[in-house]
Structures are given as C-alpha cells and as structure tokens.
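Visitor: Have a peek at run26.cif (mmCIF, C-alpha atoms).
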```cif
data_input
#
loop_
_atom_site.label_atom_id
_atom_site.label_comp_id
_atom_site.auth_asym_id
_atom_site.auth_seq_id
_atom_site.Cartn_x
_atom_site.Cartn_y
_atom_site.Cartn_z
CA MET A 1 -4.65 11.18 14.62
CA ALA A 2 -3.15 8.82 17.19
CA PRO A 3 0.39 7.53 16.61
CA VAL A 4 1.11 4.12 15.09
CA LEU A 5 3.51 1.76 16.89
CA ILE A 6 5.30 -0.72 14.64
CA LEU A 7 7.17 -3.87 15.68
CA SER A 8 9.21 -5.16 12.74
CA SER A 9 12.64 -5.36 11.11
CA TRP A 10 14.85 -2.34 10.43
CA VAL A 11 17.53 -1.83 7.76
CA ALA A 12 20.10 0.94 7.51
CA HIS A 13 19.92 1.05 3.69
CA GLY A 14 16.83 0.46 1.56
CA HIS A 15 13.14 0.20 2.26
CA VAL A 16 11.84 -2.95 3.94
CA GLY A 17 10.18 -3.49 7.31
CA LEU A 18 10.27 -0.38 9.48
CA SER A 19 12.44 1.34 6.89
CA ALA A 20 9.55 1.09 4.42
CA ALA A 21 6.58 1.53 6.72
CA VAL A 22 7.86 4.53 8.68
CA PRO A 23 8.63 6.91 5.77
CA VAL A 24 5.29 6.02 4.17
CA LEU A 25 3.37 6.83 7.34
CA GLN A 26 5.38 10.00 7.90
CA ALA A 27 4.67 11.10 4.33
CA LEU A 28 0.98 10.75 5.21
CA GLY A 29 1.48 12.92 8.29
CA ARG A 30 1.37 10.15 10.88
CA GLU A 31 3.53 9.96 13.99
CA VAL A 32 5.30 6.60 14.36
CA THR A 33 6.95 4.77 17.25
CA GLN A 34 9.37 2.02 16.22
CA LEU A 35 10.44 -1.21 17.90
CA PRO A 36 13.00 -3.12 15.77
CA THR A 37 13.06 -6.91 15.93
CA VAL A 38 16.26 -7.08 13.86
CA ILE A 39 18.82 -4.44 12.90
CA LEU A 40 20.51 -5.08 9.56
CA SER A 41 22.67 -3.19 7.11
CA ASN A 42 20.23 -3.98 4.28
CA HIS A 43 17.80 -6.61 2.99
CA PRO A 44 19.40 -10.10 3.13
CA GLY A 45 18.85 -10.50 -0.62
CA TRP A 46 21.91 -8.32 -1.31
CA PRO A 47 25.38 -9.94 -1.58
CA HIS A 48 26.58 -8.60 1.78
CA VAL A 49 24.59 -8.11 4.97
CA ALA A 50 25.48 -7.47 8.60
CA GLY A 51 23.47 -7.00 11.76
CA ARG A 52 21.67 -8.89 14.49
CA ARG A 53 18.40 -9.74 16.11
CA VAL A 54 17.31 -7.42 18.89
CA ALA A 55 16.96 -9.44 22.09
CA VAL A 56 13.42 -9.72 23.40
CA GLU A 57 14.70 -8.52 26.78
CA GLU A 58 15.82 -5.28 25.12
CA LEU A 59 12.46 -4.87 23.41
CA ALA A 60 10.65 -5.46 26.70
CA ALA A 61 12.78 -2.82 28.41
CA MET A 62 12.05 -0.39 25.56
CA ALA A 63 8.32 -1.07 25.90
CA ASP A 64 8.57 -0.43 29.65
CA ALA A 65 10.24 2.93 29.01
CA LEU A 66 7.66 3.86 26.38
CA GLU A 67 4.86 3.07 28.81
CA ALA A 68 6.52 4.99 31.65
CA ASN A 69 6.78 8.03 29.37
CA GLY A 70 3.11 7.73 28.41
CA TRP A 71 3.79 6.85 24.79
CA LEU A 72 2.71 3.21 24.72
CA GLY A 73 -0.85 4.10 25.62
CA ALA A 74 -0.90 7.01 23.16
CA ALA A 75 -0.76 4.72 20.14
CA GLY A 76 -4.04 4.11 18.35
CA THR A 77 -2.71 1.29 16.16
CA LEU A 78 -0.18 -1.50 16.64
CA LEU A 79 1.31 -2.95 13.44
CA THR A 80 3.39 -6.12 13.66
CA GLY A 81 5.64 -7.34 10.86
CA TYR A 82 8.80 -9.46 10.80
CA LEU A 83 9.15 -11.62 13.93
CA PRO A 84 12.25 -13.82 13.59
CA SER A 85 11.87 -16.20 16.56
CA PRO A 86 9.23 -17.81 18.76
CA ALA A 87 10.19 -15.39 21.55
CA HIS A 88 9.67 -12.39 19.26
CA ALA A 89 6.27 -13.71 18.20
CA GLU A 90 5.31 -14.24 21.85
CA PHE A 91 6.52 -10.73 22.68
CA ALA A 92 4.31 -9.33 19.90
CA ALA A 93 1.27 -11.08 21.36
CA ASP A 94 2.13 -9.87 24.87
CA LEU A 95 2.60 -6.32 23.54
CA ALA A 96 -0.79 -6.38 21.83
CA ARG A 97 -2.50 -7.53 25.03
CA ARG A 98 -0.57 -4.99 27.12
CA MET A 99 -1.40 -2.08 24.82
CA ARG A 100 -5.05 -3.09 24.58
CA ALA A 101 -5.30 -3.22 28.38
CA ILE A 102 -4.12 0.41 28.45
CA SER A 103 -6.18 1.48 25.43
CA PRO A 104 -9.18 -0.83 24.85
CA GLY A 105 -9.83 0.83 21.48
CA LEU A 106 -6.39 -0.16 20.13
CA ARG A 107 -6.45 -1.41 16.52
CA VAL A 108 -4.10 -4.36 15.96
CA VAL A 109 -2.89 -4.90 12.39
CA VAL A 110 -0.93 -8.11 11.88
CA ASP A 111 1.15 -8.52 8.75
CA PRO A 112 2.05 -12.22 9.15
CA VAL A 113 5.49 -12.19 7.51
CA LEU A 114 6.00 -15.93 7.08
CA GLY A 115 6.99 -16.74 3.52
CA ASP A 116 5.95 -16.79 -0.11
CA THR A 117 5.70 -18.98 -3.17
CA PRO A 118 7.92 -20.71 -4.28
CA LYS A 119 10.37 -20.25 -1.38
CA GLY A 120 7.99 -21.37 1.36
CA LEU A 121 8.57 -20.36 4.97
CA TYR A 122 11.43 -17.96 5.55
CA ILE A 123 11.16 -17.80 9.31
CA ASP A 124 11.54 -20.60 11.83
CA ALA A 125 8.54 -22.97 11.74
CA GLU A 126 8.13 -22.72 15.52
CA ALA A 127 8.06 -18.91 15.27
CA ALA A 128 5.42 -19.18 12.57
CA ALA A 129 3.34 -21.48 14.77
CA VAL A 130 3.51 -19.06 17.73
CA LEU A 131 2.50 -16.20 15.45
CA ARG A 132 -0.46 -18.25 14.20
CA ASP A 133 -1.61 -19.50 17.59
CA ARG A 134 -0.88 -16.52 19.87
CA LEU A 135 -0.75 -13.33 17.79
CA VAL A 136 -3.21 -13.88 14.92
CA PRO A 137 -6.23 -14.36 17.27
CA LEU A 138 -5.61 -10.84 18.65
CA ALA A 139 -5.75 -9.12 15.26
CA ASP A 140 -8.37 -6.68 14.07
CA VAL A 141 -6.86 -6.71 10.56
CA LEU A 142 -4.66 -9.31 8.85
CA THR A 143 -2.66 -8.78 5.64
CA PRO A 144 -1.34 -12.20 4.53
CA ASN A 145 -0.25 -13.03 1.01
CA ALA A 146 -1.79 -16.11 -0.61
CA TYR A 147 0.96 -18.44 0.64
CA GLU A 148 0.68 -17.12 4.19
CA LEU A 149 -3.11 -17.46 4.11
CA GLY A 150 -2.75 -21.11 3.13
CA TRP A 151 -0.12 -21.77 5.80
CA LEU A 152 -2.11 -20.10 8.57
CA THR A 153 -5.28 -22.03 7.78
CA GLY A 154 -3.93 -25.30 6.38
CA GLN A 155 -6.19 -24.73 3.39
CA ARG A 156 -5.43 -24.94 -0.33
CA VAL A 157 -5.40 -21.43 -1.88
CA ALA A 158 -5.09 -22.03 -5.62
CA THR A 159 -8.30 -20.30 -6.76
CA LEU A 160 -10.18 -17.18 -5.74
CA ASP A 161 -13.00 -19.25 -4.23
CA GLU A 162 -10.48 -21.24 -2.18
CA ALA A 163 -8.88 -17.99 -1.02
CA VAL A 164 -12.24 -16.64 0.15
CA ILE A 165 -12.99 -19.85 2.04
CA ALA A 166 -9.55 -19.77 3.71
CA ALA A 167 -9.89 -16.07 4.58
CA ASP A 168 -13.31 -16.72 6.10
CA ARG A 169 -11.86 -19.50 8.24
CA LEU A 170 -9.03 -17.23 9.32
CA ARG A 171 -11.64 -14.66 10.37
CA ASP A 172 -13.32 -17.32 12.50
CA ARG A 173 -10.05 -17.88 14.38
CA THR A 174 -9.84 -14.20 15.28
CA GLY A 175 -13.42 -13.52 16.24
CA GLY A 176 -14.09 -11.68 13.00
CA ALA A 177 -10.94 -9.83 11.88
CA GLU A 178 -10.86 -8.10 8.51
CA VAL A 179 -8.64 -10.13 6.15
CA LEU A 180 -6.81 -8.47 3.25
CA VAL A 181 -5.08 -11.04 1.04
CA THR A 182 -2.34 -9.52 -1.08
CA SER A 183 -1.58 -11.07 -4.48
CA PRO A 184 -4.55 -13.49 -4.41
CA PRO A 185 -4.91 -16.08 -7.20
CA LEU A 186 -6.26 -13.96 -10.06
CA PRO A 187 -5.71 -14.89 -13.73
CA ASP A 188 -3.76 -12.24 -15.68
CA ALA A 189 -3.84 -9.76 -12.79
CA THR A 190 -2.79 -9.15 -9.21
CA GLY A 191 -4.37 -7.06 -6.49
CA LEU A 192 -6.22 -7.71 -3.28
CA LEU A 193 -8.93 -9.91 -1.80
CA TRP A 194 -10.96 -8.32 1.01
CA VAL A 195 -13.05 -10.52 3.32
CA ALA A 196 -14.91 -9.05 6.30
CA ALA A 197 -18.21 -9.26 8.14
CA GLU A 198 -19.82 -7.15 5.42
CA GLY A 199 -18.88 -9.56 2.62
CA ALA A 200 -16.05 -10.09 0.17
CA ALA A 201 -14.60 -8.15 -2.75
CA VAL A 202 -11.65 -8.25 -5.09
CA TYR A 203 -9.49 -5.34 -6.28
CA ARG A 204 -7.54 -5.89 -9.51
CA THR A 205 -4.32 -4.20 -10.61
CA ALA A 206 -1.91 -4.91 -13.46
CA ARG A 207 0.74 -7.51 -12.74
CA ALA A 208 4.28 -6.13 -12.89
CA ASP A 209 7.39 -8.17 -13.63
CA PRO A 210 8.46 -9.40 -10.16
CA ALA A 211 12.11 -8.99 -11.14
CA LEU A 212 11.55 -5.25 -11.51
CA VAL A 213 9.66 -4.68 -8.24
CA PRO A 214 11.93 -3.76 -5.29
CA ASN A 215 11.47 -5.46 -1.93
CA GLY A 216 9.15 -3.93 0.64
CA SER A 217 5.82 -3.55 -1.15
CA GLY A 218 4.06 -5.76 1.41
CA ASP A 219 5.44 -3.65 4.25
CA VAL A 220 4.18 -0.50 2.53
CA PHE A 221 0.69 -1.95 2.03
CA ALA A 222 0.43 -2.97 5.69
CA ALA A 223 1.54 0.53 6.69
CA LEU A 224 -1.09 2.15 4.48
CA ILE A 225 -3.75 -0.04 6.09
CA ALA A 226 -2.37 0.79 9.55
CA ALA A 227 -2.77 4.46 8.59
CA GLY A 228 -6.49 3.80 8.25
CA LEU A 229 -6.77 4.04 4.47
CA PRO A 230 -9.58 2.06 2.82
CA PRO A 231 -8.32 -1.02 0.94
CA GLY A 232 -8.87 0.43 -2.54
CA THR A 233 -7.09 3.66 -1.64
CA ALA A 234 -4.17 1.80 -0.05
CA LEU A 235 -3.83 -0.46 -3.08
CA GLY A 236 -4.00 2.49 -5.47
CA GLN A 237 -1.20 4.29 -3.64
CA LEU A 238 0.89 1.11 -3.50
CA ALA A 239 0.36 0.48 -7.23
CA ALA A 240 1.50 4.05 -7.98
CA LEU A 241 4.60 3.56 -5.81
CA VAL A 242 5.43 0.24 -7.49
CA THR A 243 5.07 1.82 -10.95
CA GLU A 244 7.30 4.70 -9.82
CA SER A 245 9.91 2.20 -8.54
CA LEU A 246 10.08 -0.39 -11.35
CA GLY A 247 13.68 -1.32 -12.04
CA ALA A 248 15.02 0.76 -9.13
CA PRO A 249 17.17 -0.89 -6.45
CA HIS A 250 14.75 0.26 -3.72
CA LEU A 251 11.22 1.62 -3.49
CA ARG A 252 11.19 5.32 -4.39
CA ILE A 253 9.22 6.32 -1.31
CA ALA A 254 10.73 9.78 -0.78
CA GLU A 255 11.47 10.69 -4.41
CA GLY A 256 8.04 9.67 -5.67
CA ALA A 257 5.93 10.72 -2.67
CA GLU A 258 3.98 13.44 -4.47
CA ARG A 259 3.00 10.94 -7.18
CA TRP A 260 2.24 7.79 -5.17
CA LYS A 261 0.24 9.74 -2.57
CA THR A 262 -2.15 10.78 -5.34
CA GLY A 263 -2.52 7.29 -6.81
CA ALA A 264 -6.11 6.67 -7.88
CA PRO A 265 -8.10 4.28 -5.66
CA VAL A 266 -8.64 0.84 -7.16
CA PRO A 267 -12.36 0.02 -7.50
CA SER A 268 -13.79 -3.01 -5.74
CA GLU A 269 -15.66 -5.87 -7.39
CA PRO A 270 -18.08 -7.34 -4.84
CA LEU A 271 -18.14 -11.13 -4.81
CA THR A 272 -21.39 -13.04 -4.57
CA PRO A 273 -21.02 -15.55 -1.73
CA ALA A 274 -20.81 -19.12 -2.93
CA PRO A 275 -22.68 -21.70 -0.78
CA GLN A 276 -19.45 -23.33 0.41
CA TRP A 277 -18.05 -20.09 1.85
CA ARG A 278 -20.13 -20.62 4.98
#
```
The structure in this file should be written as structure tokens.
Guide:
Amino acid sequence: MAPVLILSSWVAHGHVGLSAAVPVLQALGREVTQLPTVILSNHPGWPHVAGRRVAVEELAAMADALEANGWLGAAGTLLTGYLPSPAHAEFAADLARRMRAISPGLRVVVDPVLGDTPKGLYIDAEAAAVLRDRLVPLADVLTPNAYELGWLTGQRVATLDEAVIAADRLRDRTGGAEVLVTSPPLPDATGLLWVAAEGAAVYRTARADPALVPNGSGDVFAALIAAGLPPGTALGQLAALVTESLGAPHLRIAEGAERWKTGAPVPSEPLTPAPQWR
C-alpha cells in the first residue's frame, strides 16, 4: 500500500492532528509522511500550551526535499487537516496540485478543520475562505462536521434532509467528491452521513457524553478514511476507540489498539432521494 502524506497540526503530548492520525495509520500498517502546520506542547484546551506555527517557507522547503528524495511522488493519498492561516491553506492547495502532477492517481482527502457548534469558526475567516475556494475543489473526499458543511456551502444544516442537500451542493463544487459528514443532525443518535455519486446513506451510532470524549476523534476518522477503509468500517473502529477512551484525558490509541481495530462495522441505511436533493 502506498504511503499517506498528512499536512496538519502536531502536538508533543496527546492525540490530535498528526499525533492522532499517524499512530492510527501506523497501527493499521500504513507508512506515513508528516508535514506539521503547527508544533505545540499539547491541545490548546489544556491550561498551559506552548509552541508555534510552522512557516510556510519551511513547509515548502520540506516538500522540496521530500520530492528530491522521491518520497513526495510515492504517496498514494494526501490528507489535509488543520491549516491555521490563509498561507497554509494556499500551501495545501499548491501541494495537492503538485503531488497530483507527479502522481495523477493521487487521492486527496480534505478534513476541513474550521469550527464546530456552538463555538463557530476557530480559524481565521480568511484562512477558512481560502480553504473553501482553493483546496476544497481539489478534494476526492471531504470529511466536514455539520457546522463545517453549513459554513462551506452557506446552507442551513439543521435536519438530515438539509444536510444531504448541502452535501450534494458541496459535491457539485468539487466535480463530484465523496462527502462524509460527521455528527450529522440525527435525533437521539450520532454517526455519519455519506453522499456520493452512487447515492446517500446514514450510519447511526450511540451518542456519547461529549464531556467524556477526548479531543481528536475527527482526526482519527479522517485518518481511517485516508487509509482506504469503507465508511462503515471506519466509523465502527472510531466508535470502538471512543468507547475505549471515555473519561480518559486522551484517546487510548496505543493501549486500546487491539480492541478498536476489531470494532464491528456500522451498517448503512440507504436514503431515498427526496425531489429537492437535485
């Protein structure tokens, strides 16, 4: 299997960004190349944090070295995550185009890390706009949460039907990308909404107390999709990891690997297209 290259945040302690995605992919036997957009001591939600953004010039030099060594073109998948500035978002788009020029079969997975309800955007609005306008159109797969789906499309996403309509419009902006909406609006449940050329489906899992779920679950899900797992399999493994980690300070990726890797796939429920979807 071809390596996965990930462009995202990195923390020294805990499991978010690269520090969540990389151990998950390695546990699945995948080789990973990492480009960090920020280097931090830990997730900013903790009382103390230190670190910095990695300058785009440094990232560009790293990409040059990777290409010169033959490693940039070896990647079969590019996964993008946290992009803290307009320049980082532009770099991500340039990197996707550059890698695809070397390897036309490159799969680009974009996890549009923009914000969530009720906090709203937690990156600069200009960076979010560059991500939407320059990077999203290059994606083969997108993994927004419900808030991010609404922000990217300007559409209301309060019901499942509205989420499907918004996801379909997001697909139109990308030339037909597969859209996987995490935590879609589902009564008494959580899970995943899948919208692609073949149709739409929902995957339901039990809703856990958000206060007990460590940070990084979205990064893990995007990594599982970047690994090539089907949506139901990826969601089943994520659900098993979340259950394993409830109440822990960080996701139990290493300690619980033998259990989350065998998490049962979540079955899909195909959705009958409503007339307004198209």
Visitor: Translate the PyMOL selection byres ((chain A and resi 203) around 6), as applied to the file shown, into an explicit residue set as an MDAnalysis selection string.
Guide: chainID A and resid 191:192 202 204 268
Visitor: Could you please give me, as an MDAnalysis selection string, the residues of protein, DNA or RNA lying at most 10 Å from (-11.9, 6.1, -0.1) in the coordinate frame of the file, considering only C-alpha atoms?
Guide: chainID A and resid 229:234 264:267
Visitor: Applied to this file, what does the PyMOL selection byres ((chain A and resi 12) around 8) return in terms of residues, put as a compact mmCIF listing (two decimals) with C-alpha atoms, in the frame of the given file?
Guide:
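File expr27.txt, as written:
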```
# COMPACT_ATOMS: atom_id res chain seq x y z
CA TRP A 10 14.85 -2.34 10.43
CA VAL A 11 17.53 -1.83 7.76
CA HIS A 13 19.92 1.05 3.69
CA GLY A 14 16.83 0.46 1.56
CA SER A 19 12.44 1.34 6.89
CA ILE A 39 18.82 -4.44 12.90
CA LEU A 40 20.51 -5.08 9.56
CA SER A 41 22.67 -3.19 7.11
CA ASN A 42 20.23 -3.98 4.28
```
Visitor: When distances are computed from only C-alpha atoms, which of A:Trp194, A:Trp260, A:Phe91, A:Trp46 shows the smallest separation from Ala60 of chain A?
Guide: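 The answer is A:Phe91, which sits nearest to Ala60 of chain A.
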Visitor: Let me know the residues the PyMOL selection byres ((chain A and resi 7) around 9) catches in the file above, as a PDB file with C-alpha atoms, in the frame of the given file.
Guide:
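Full text of part-v1.pdb as output:
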```
ATOM      1  CA  LEU A   5       3.510   1.760  16.890  1.00  0.00           C
ATOM      2  CA  ILE A   6       5.300  -0.720  14.640  1.00  0.00           C
ATOM      3  CA  SER A   8       9.210  -5.160  12.740  1.00  0.00           C
ATOM      4  CA  SER A   9      12.640  -5.360  11.110  1.00  0.00           C
ATOM      5  CA  GLY A  17      10.180  -3.490   7.310  1.00  0.00           C
ATOM      6  CA  LEU A  18      10.270  -0.380   9.480  1.00  0.00           C
ATOM      7  CA  THR A  33       6.950   4.770  17.250  1.00  0.00           C
ATOM      8  CA  GLN A  34       9.370   2.020  16.220  1.00  0.00           C
ATOM      9  CA  LEU A  35      10.440  -1.210  17.900  1.00  0.00           C
ATOM     10  CA  PRO A  36      13.000  -3.120  15.770  1.00  0.00           C
ATOM     11  CA  THR A  37      13.060  -6.910  15.930  1.00  0.00           C
ATOM     12  CA  LEU A  78      -0.180  -1.500  16.640  1.00  0.00           C
ATOM     13  CA  LEU A  79       1.310  -2.950  13.440  1.00  0.00           C
ATOM     14  CA  THR A  80       3.390  -6.120  13.660  1.00  0.00           C
ATOM     15  CA  GLY A  81       5.640  -7.340  10.860  1.00  0.00           C
ATOM     16  CA  TYR A  82       8.800  -9.460  10.800  1.00  0.00           C
ATOM     17  CA  LEU A  83       9.150 -11.620  13.930  1.00  0.00           C
ATOM     18  CA  ALA A  92       4.310  -9.330  19.900  1.00  0.00           C
TER      19      ALA A  92
END
```
Visitor: Env of Thr174 of chain A: 9 Å cut, atoms = only C-alpha atoms, seq-sep filter 2 positions within chain, self excluded. Answer as a list of chain:residue names.
Guide: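 My list of contacting residues is A:Val136, A:Pro137, A:Leu138, A:Ala139, A:Asp140, A:Leu170, A:Arg171, A:Asp172, A:Gly176, A:Ala177.
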Visitor: Interatomic distance between atom CA of Val24 of chain A and atom CA of Gly199 of chain A?
Guide: 28.8 Å
Visitor: What does the structure give for the distance between atom CA of Leu152 of chain A and atom CA of Ala166 of chain A, in Å to one decimal?
Guide: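 Pair atom CA of Leu152 of chain A / atom CA of Ala166 of chain A returns 8.9 Å.
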Visitor: I'd like the contact shell of Ala201 of chain A - 12 Å cut-off, all atoms listed in the file, skipping same-chain residues fewer than 4 positions apart - returned as a list in words.
Guide: Leu160, Asp161, Ala163, Val164, Ala167, Glu178, Val179, Leu180, Val181, Pro184, Gly191, Leu192, Leu193, Trp194, Val195, Ala196, Ala197, Pro231, Gly232, Val266, Pro267, Ser268, Glu269, Pro270, Leu271, Thr272 and Pro273 of chain A
Visitor: Please report as a Markdown table every residue of segment 171-209 of chain A lying within 12 Å of segment 246-255 of chain A, along with the nearest atom pair and their distance in Å (one decimal), using all atoms listed in the file.
Guide:
```
| residue | atom | partner | partner_atom | distance |
| --- | --- | --- | --- | --- |
| A:Arg207 | CA | A:Leu246 | CA | 11.8 |
| A:Ala208 | CA | A:Leu246 | CA | 8.3 |
| A:Asp209 | CA | A:Leu246 | CA | 8.5 |
```
Visitor: Might you pull out every residue within 9 Å of segment 121-131 of chain A, with only C-alpha atoms counted and same-chain residues fewer than 6 positions away left off, and present them as a VMD selection string?
Guide: chain A and resid 82 to 90 92 to 93 112 to 115 147 to 148 151 to 152
Visitor: To one decimal place in Å, what is the distance between atom CA of Gly76 of chain A and atom CA of Ala2 of chain A?
Guide: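 Taking atom CA of Gly76 of chain A as the start and atom CA of Ala2 of chain A as the end point, the length is 4.9 Å.
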Visitor: Considering all atoms listed in the file, can you say which of A:Ala206, A:Gly256, A:Thr190, A:Arg173 comes closest to Ala146 of chain A?
Guide: A:Thr190
Visitor: May I ask which of the residues A:Arg134, A:Arg98, A:Arg156, A:His15 is the closest one to Ala63 of chain A, counting all atoms listed in the file?
Guide: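 Comparing A:Arg134, A:Arg98, A:Arg156, A:His15 against Ala63 of chain A, the winner is A:Arg98.
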Visitor: With all atoms listed in the file as the atoms that count, which of A:Pro23, A:Gly29, A:Pro47, A:Pro3 lies nearest to Gly73 of chain A?
Guide: A:Pro3
Visitor: Determine the nearest neighbour of Ala240 of chain A from the options A:Val54, A:Ala226, A:Ala68, A:Ala257, counting all atoms listed in the file.
Guide: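 Closest to Ala240 of chain A, using all atoms listed in the file: A:Ala257.
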